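I have placed the structure first, in the form of structure tokens, so that the comments after it can refer back to it.
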There are 2 protein chains.
Amino acid sequence: VNGVLMAAEMAEQPEVLARLAARAGCDAASVRGVIPGALAGTVFLARGSSDNAAVFGRYLAELHGGRPAGLAAPSLYTRYEARVDWRGYLVVALSQSGATPEIVTTCAAMRSAGAVVIGITNEPGSPLAGSSDLLLCTEAGPELAVPATKTVTAQLTVLLSVTAALGGEVIPGAELGAGELPAAVAAVLADAAPVAELARRWAGIDRLVVAGRGLAYAAALETALKIKETTGILAEGFSVADLLHGPIAAVYAGCPVLLIDAGGPAASDTGRLSVLLSGRPADVTAMPLPAGSEPSAVVTAVVRGQQLAYALALARGMDPDAPAHLRKVTATS
Amino acid sequence: VNGVLMAAEMAEQPEVLARLAARAGCDAASVRGVIPGALAGTVFLARGSSDNAAVFGRYLAELHGGRPAGLAAPSLYTRYEARVDWRGYLVVALSQSGATPEIVTTCAAMRSAGAVVIGITNEPGSPLAGSSDLLLCTEAGPELAVPATKTVTAQLTVLLSVTAALGGEVIPGAELGAGELPAAVAAVLADAAPVAELARRWAGIDRLVVAGRGLAYAAALETALKIKETTGILAEGFSVADLLHGPIAAVYAGCPVLLIDAGGPAASDTGRLSVLLSGRPADVTAMPLPAGSEPSAVVTAVVRGQQLAYALALARGMDPDAPAHLRKVTATS
């Protein structure tokens, strides 16, 4: 049956996130034990859906850690043989399989150049473990569908603890925001009606803009990736601010838009974009989300995005578990 | 006449770049005068096409400067009021108008938190000047067409000097690679035939993937943006490695692909993607480029992308000078 694996793995998310939320205080303490004394910066290293989780981590790390954060460019290490001094840096490497060659190679290069490396993976025995000072496992269980779902929300949950620990204060588990996730995610999973309607309406589209700002930008990127992967629709994720710098022309030309508003201080920008587009001939839909704190709303938006990707694939007669020509582990180097 | 401004501004590029190449050694010396003593990292701050130039700078800065580099997330400063210690950082802020509110605001916040700021703008009297320790002007003259062309290649040329200066050695102007640009760009501009053929073939498409790796990634992003802006086609720019992690499904579903190979150590990845796709039903075209060093090929690829965006807009009966509903300066905050 089409999509049976993806559906089952999506359904496991409340349980997976509850397990990680219970571990949050402990993870934060482990992270505090390895942070470089004079932190120069935090860099996230990942590809694919892990890289979208990395965007979430990058925002939270700069916000909570008080030092600049960023995303790595692996080709500088796997192709250009860059010689870079990584002393003072915390590198957070994310790989569901822990086996993507370029992530493992880049991780090892950064660590031997002085970085402290935290690896986040679903495979404790993977090569990433050997290149990390601290390994945090997502404990999501085997993931068999090609589109990553429970491993992504598990990464987001672990990143809440990792970035909270950068704040310099001892943070009890309950204050990390992870505690509200299981119920919020369960609520989204239990209510597939809004997505079913959208999937019917968009069954025939071949392009889509997905936009959010601030923390919601990560959810926009991940929703766009999940839709591309399962349906072949060219869905591009944007920051609302980037969308206004030119790409909005694609919307005026008829490309449908999915807006993600996770609340928080960037919500007003998403609201203004909505007002701007309401005066134009544009097909704009706000992603339906339950109320919650901003970080929690990002995770529920990612789950809503999985649900939409899944429903769109079925509406187009495709199997979301195994999109044509795609493999589970992408071995880029 | 449709596109008369954009065509004239594109044609000025060899002259603009020659002026900047002549100034390259002097710019590098000015940059060397402001680099923080113990450099913690370099961060590029921009939006829109300036942000694509920033990607080029981010790769070169990490490669030449020997310390990590990255891209800023302005909303952390304009919306989240992040309190971040920027001591030890060099921030390179790029804005053609020098007036984008979020760039100026973020720049001021980072500088007051300890960053040394280099501003790169086409408007010496703009607000960005007041927030910079060193201002480098692109001297491209007034740009009236909405899609930025000569100001973008001017930024790329200035970034060659800025990032070379991070290398720690005194570099004479001739070794910056900027010297070969005017002739290479003139050669591309003089030969519009390959692009005319492509524009005829793609006149009716509504989605496009543009991919490159390493330094060419910046050209892929900028070409995609220029095409979106002038034609409304949803053109998404990818790193070749990111494309393989899921988005390739859009290609298998029929989305055409433009591959940018700028030579250099990442060219083999683009070649391998080409071989992979040749065995599938995919519409793949390699961007035609003259031979040259890798950084120079990135600049010529950006010019070829402008040429394609321009030709596609005309082929679709649109005015590339003034895409519907877009304004020259996008005032995001």
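Order determines the names: the first chain of the structure tokens is A, the second B, and so forth; residues in each chain are numbered 1 upward, and ligands are numbered 1 upward as they are shown.
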
**Request:** Would you list, as an MDAnalysis selection string, the residues of segment 47-263 of chain A that end up in strand (DSSP E) under DSSP run on this structure's backbone?
**Result:** chainID A and resid 69:71 89:95 116:121 134:137 207:212 234:239 257:259

**Message:** Residues near Ser95 of chain A, anyone? I mean within 8 Å using only C-alpha atoms, not counting same-chain ones fewer than 2 positions away, as a list in words.
**Reply:** Ala46, Arg47, Ser50, Ala93, Ser97, Gly98, Ala99, Thr100, Ile103, Gly119, Ile120, Thr121, Asn122 and Leu128 of chain A

**Request:** Going by DSSP on the backbone, which bits of segment 77-301 of chain B are helix (DSSP H, G or I)? Write them as a PyMOL selection string, please.
**Result:** chain B and resi 77-78+101-112+127-130+150-165+173-176+181-190+193-201+216-231+240-244+248-252+267-278+294-301

**Nearby residues (only C-alpha atoms) at most 9 Å from Asp319 of chain B, same-chain spacing under 5 positions excluded, as a list of chain:residue names** =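 Selected residues are B:Val1, B:Asn2, B:Gly3, B:Thr230, B:Thr231, B:Tyr310, B:Ala313, B:Leu314, B:Ala324.
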
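Closest to chain A among B:Leu156, B:Leu189, B:Leu134, B:Ala82 is B:Ala82, based on only C-alpha atoms.
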
**Request:** Tell me which protein, DNA and RNA residues are within 7 Å of Ala266 of chain A, counting only C-alpha atoms, leaving out same-chain ones fewer than 3 positions away, and put them as a ChimeraX atom specification.
**Result:** /A:213-214,269 /B:79

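As for atom CA of Asp27 of chain A and atom CA of Leu289 of chain A, they are spaced 28.2 Å apart.
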
Using only C-alpha atoms, what does the table of segment 271-310 of chain B residues within 12 Å of segment 245-250 of chain B look like, with each row giving the shortest atom pair and its distance in Å to one decimal, sorted by chain and ascending number, as CSV?
```
residue,atom,partner,partner_atom,distance
B:Leu273,CA,B:Ile248,CA,10.0
B:Leu276,CA,B:Ile248,CA,10.8
B:Leu277,CA,B:Ile248,CA,9.5
B:Arg280,CA,B:Ile248,CA,11.4
B:Pro281,CA,B:Ala250,CA,11.9
B:Ala282,CA,B:Ala250,CA,10.0
B:Asp283,CA,B:Ala250,CA,11.5
```
